[in-house]
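Structure first, then comments.
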Amino acid sequence: MKNMAGYPTEAHDVATDGLGCFIFSLDMELAWGYYDKFVPGLFSPDGSREREAVRRLLSLFDEYEIPATWAVVGQLFYRSHKEAAFNPAEDWKGKYPLFERMYYENHPLLFAPDILEMLLTSKIRQEIGFHGHTHKVFDEETMSPERAKSEIQAWKDAAKPVNIEPKTVIFPRSRVGYFNLFRQSGFTCYRGLERYPAKVYYLPVVGRFFRRFHYYLTAVTFPSRYSAEVDPSGLVNLRFSRWLFGFNRRLEVWLDRFNLHTLRLQTLVQGVRKVAEEKKILHVFAHPCEFKTERDFQKPRFLLCHVANEVQKGRMVSTSMEQMAEKVKSISREQP
């Protein structure tokens with residue numbers, strides 16, 4: 001049985017073992033996240049800005065010893081469309097001509113084995129998780145079980161040459177589904193949504209407006225702190241606490257201009273301290289393409305500096321989603 005958000009009911013919380021936990025996850029999708037709404041100007045023309053963002057984030061994670069989780073779209077493993085397990089353009093049937101042209105031209109925003117190489121050779125081990133093979137949503141009403149299986153298998157086949165066996169799923173566009181299939185395929189955890197305060201947030205049309213408003217509001221309030229959940233399928237639900245850039249971009253640029261780029265992060269920093277005290281989980285996520293200015297990079301540095309301080313005090317650990325799930329599973333087995 002599922003609730004309105006699509007999550008299994010009857011999930012049970014698992015306490016942590018005496019430390020607060022910090023998780024940073026990133027949706028590594030490049031232009032695949034916009035295959036159905038791509039317009040020029042969303043990204044750099046050649047993908048160079050996005051690659052520089054990945055490089056700088058990895059440098060930051062090395063500096064603060066952060067084992068982040070990077071959820072990668074499977075097509076990014078390939079050098080060209082000729083290597084792809086199946087051609088997503090066959091599904092589009094001429095709907096997205098600009099994107100189709102980019103696909104057949106092997107555009108660097110759609111194929112990025114060089115980025116995978118950066119992730120794999122990082123000083124601090126970075127987890128590489130599943131974000132769909134083509135960024136198609138895992139909606140059980142619109143995606144067939146056969147297509148879901150093929151997406152998972154195609155991703156695994158693409159990752160096999162570099163010895164990656166995924167344990168974490170971050171659902172494209174946060175549309176969750178096929179929990180049992182993912183569990184049977186060897187996955188251990190997923191990034192769930194935070195708990196919304198009312199049913200209206202889950203409605204098809206108006207829910208989107210309420211969720212956007214909710215993102216703007218929670219970007220300046222205390223972030224949610226959670227205990228991990230093990231749902232009936234056996235997967236660990238590691239809900240996110242805050243979308244780092246879930247804020248009105250125009251207002252954020254205005255704040256940055258007046259050297260107020262860390263103002264709205266003050267509550268997030270307080271949340272770090274609270275998590276350390278409460279021995280719960282704080283899970284922040286972002287997209288590498290959202291880091292566009294120098295101020296944008298100063299924001300995670302400001303946050304991670306405070307995380308490192310709590311780690312140094314012995315009150316918190318920084319962990320990947322896979323590592324957290326292993327820990328939760330171990331504790332769950334020990335608890336009655």
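Chain labels A, B, ... are given in the sequence in which chains occur in the structure tokens; within each chain residues are numbered consecutively from 1, and ligands are likewise numbered from 1 in the order shown.
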
Wanna dump the segment 263-291 of chain A-segment 225-249 of chain A contacts at 8 Å for me, each residue with its shortest atom pair and the distance in Å to one decimal, counting only C-alpha atoms, ordered by chain and number, as JSON lines?
{"residue": "A:Gly271", "atom": "CA", "partner": "A:Arg225", "partner_atom": "CA", "distance": 7.7}
{"residue": "A:Val275", "atom": "CA", "partner": "A:Arg225", "partner_atom": "CA", "distance": 6.5}
{"residue": "A:Lys280", "atom": "CA", "partner": "A:Ser227", "partner_atom": "CA", "distance": 5.4}
{"residue": "A:Ile281", "atom": "CA", "partner": "A:Tyr226", "partner_atom": "CA", "distance": 5.1}
{"residue": "A:Leu282", "atom": "CA", "partner": "A:Arg225", "partner_atom": "CA", "distance": 5.4}
{"residue": "A:His283", "atom": "CA", "partner": "A:Phe240", "partner_atom": "CA", "distance": 4.7}
{"residue": "A:Val284", "atom": "CA", "partner": "A:Arg242", "partner_atom": "CA", "distance": 5.0}
{"residue": "A:Phe285", "atom": "CA", "partner": "A:Trp243", "partner_atom": "CA", "distance": 5.1}
{"residue": "A:Ala286", "atom": "CA", "partner": "A:Leu244", "partner_atom": "CA", "distance": 5.6}
{"residue": "A:Glu290", "atom": "CA", "partner": "A:Phe245", "partner_atom": "CA", "distance": 7.2}

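Among the candidates A:Gly20, A:Leu255, A:Ser48, A:Gly129, the residue lying nearest to Lys274 of chain A is A:Gly20 (atoms considered: only C-alpha atoms).
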
So that each row is one residue of segment 82-122 of chain A with an atom at most 12 Å from segment 135-152 of chain A, can you give its shortest atom pair and the distance in Å to one decimal, using only C-alpha atoms, rows by chain and rising number, as a Markdown table?
| residue | atom | partner | partner_atom | distance |
| --- | --- | --- | --- | --- |
| A:Ala84 | CA | A:Glu151 | CA | 11.6 |
| A:Ala85 | CA | A:Ser150 | CA | 9.3 |
| A:Phe86 | CA | A:Ser150 | CA | 9.2 |
| A:Asn87 | CA | A:Glu151 | CA | 11.5 |
| A:Pro88 | CA | A:Lys136 | CA | 9.4 |
| A:Asp91 | CA | A:Lys136 | CA | 10.3 |
| A:Trp92 | CA | A:Lys136 | CA | 11.2 |
| A:Leu110 | CA | A:His135 | CA | 11.3 |

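The set of residues in segment 69-263 of chain A assigned to strand (DSSP E) by DSSP, using only backbone atoms of this structure, is Thr69, Trp70, Ala71, Val72, Glu127, Ile128, Gly129, Phe130, Thr168, Val169, Cys189, Tyr190, Ala228, Glu229, Val230, Val236, Asn237, Arg242 and Trp243 of chain A.
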
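Residues in contact range of segment 292-294 of chain A, defined as at most 10 Å between only C-alpha atoms, with sequence neighbours fewer than 6 positions away removed, read Phe43, Ser44, Arg49, Glu50, Glu52, Ala53, Val253 and Asp256 of chain A.
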
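Interatomic distance, atom CA of Phe297 of chain A against atom CA of Asn106 of chain A: 28.8 Å.
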
Would you kindly return, as a ChimeraX atom specification, each protein, DNA or RNA residue with an atom no farther than 7 Å from any atom of Arg79 of chain A, considering only C-alpha atoms and excluding same-chain residues fewer than 2 positions away? /A:77,111-113

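Omitting Ser318 of chain A and its sequence neighbours fewer than 2 positions away, and counting only C-alpha atoms, the residues within 10 Å are Gly20, Cys21, Phe22, Ile23, Phe24, Tyr64, Glu65, Ile66, Pro67, Ala68, Ile281, Leu282, Leu304, Val307, Ala308, Glu310, Val311, Met316, Ser320, Met321, Gln323 and Met324 of chain A.
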
DSSP-assigned helix (DSSP H, G or I) among segment 75-110 of chain A, expressed as a PyMOL selection string: chain A and resi 75-77+81-83+89-92+97-104

Go ahead and save the residues from that selection, with N, CA and C atoms, as a short mmCIF file (atom, residue, chain, number, x, y, z; two decimals), in the first residue's frame.
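Final output, saved to out.cif:
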data_model
loop_
_atom_site.label_atom_id
_atom_site.label_comp_id
_atom_site.auth_asym_id
_atom_site.auth_seq_id
_atom_site.Cartn_x
_atom_site.Cartn_y
_atom_site.Cartn_z
N GLN A 75 23.17 7.37 -19.49
CA GLN A 75 23.70 7.73 -20.80
C GLN A 75 25.00 8.52 -20.70
N LEU A 76 25.27 9.12 -19.55
CA LEU A 76 26.49 9.90 -19.39
C LEU A 76 27.74 9.02 -19.36
N PHE A 77 27.57 7.72 -19.16
CA PHE A 77 28.71 6.81 -19.19
C PHE A 77 29.29 6.67 -20.60
N HIS A 81 26.27 8.29 -28.88
CA HIS A 81 24.99 7.58 -28.94
C HIS A 81 25.14 6.20 -29.57
N LYS A 82 26.21 5.98 -30.31
CA LYS A 82 26.42 4.68 -30.95
C LYS A 82 26.71 3.58 -29.93
N GLU A 83 27.16 3.97 -28.73
CA GLU A 83 27.44 3.00 -27.69
C GLU A 83 26.21 2.67 -26.85
N ALA A 89 15.62 8.42 -28.44
CA ALA A 89 14.95 9.24 -29.46
C ALA A 89 13.80 8.47 -30.10
N GLU A 90 13.84 7.15 -30.02
CA GLU A 90 12.74 6.36 -30.55
C GLU A 90 11.46 6.58 -29.76
N ASP A 91 11.60 6.90 -28.47
CA ASP A 91 10.43 7.21 -27.64
C ASP A 91 9.90 8.60 -27.94
N TRP A 92 10.80 9.50 -28.29
CA TRP A 92 10.40 10.90 -28.47
C TRP A 92 9.62 11.13 -29.76
N PRO A 97 12.97 18.15 -31.23
CA PRO A 97 13.96 18.17 -32.33
C PRO A 97 15.32 18.71 -31.93
N LEU A 98 15.36 19.77 -31.10
CA LEU A 98 16.64 20.35 -30.69
C LEU A 98 17.43 19.34 -29.87
N PHE A 99 16.75 18.68 -28.95
CA PHE A 99 17.43 17.71 -28.10
C PHE A 99 17.87 16.49 -28.91
N GLU A 100 17.04 16.07 -29.84
CA GLU A 100 17.39 14.93 -30.69
C GLU A 100 18.65 15.23 -31.51
N ARG A 101 18.74 16.46 -32.01
CA ARG A 101 19.92 16.84 -32.78
C ARG A 101 21.17 16.80 -31.90
N MET A 102 21.04 17.29 -30.67
CA MET A 102 22.15 17.23 -29.73
C MET A 102 22.56 15.78 -29.46
N TYR A 103 21.58 14.91 -29.37
CA TYR A 103 21.85 13.51 -29.08
C TYR A 103 22.66 12.86 -30.20
N TYR A 104 22.23 13.08 -31.42
CA TYR A 104 22.92 12.46 -32.56
C TYR A 104 24.25 13.12 -32.86
#
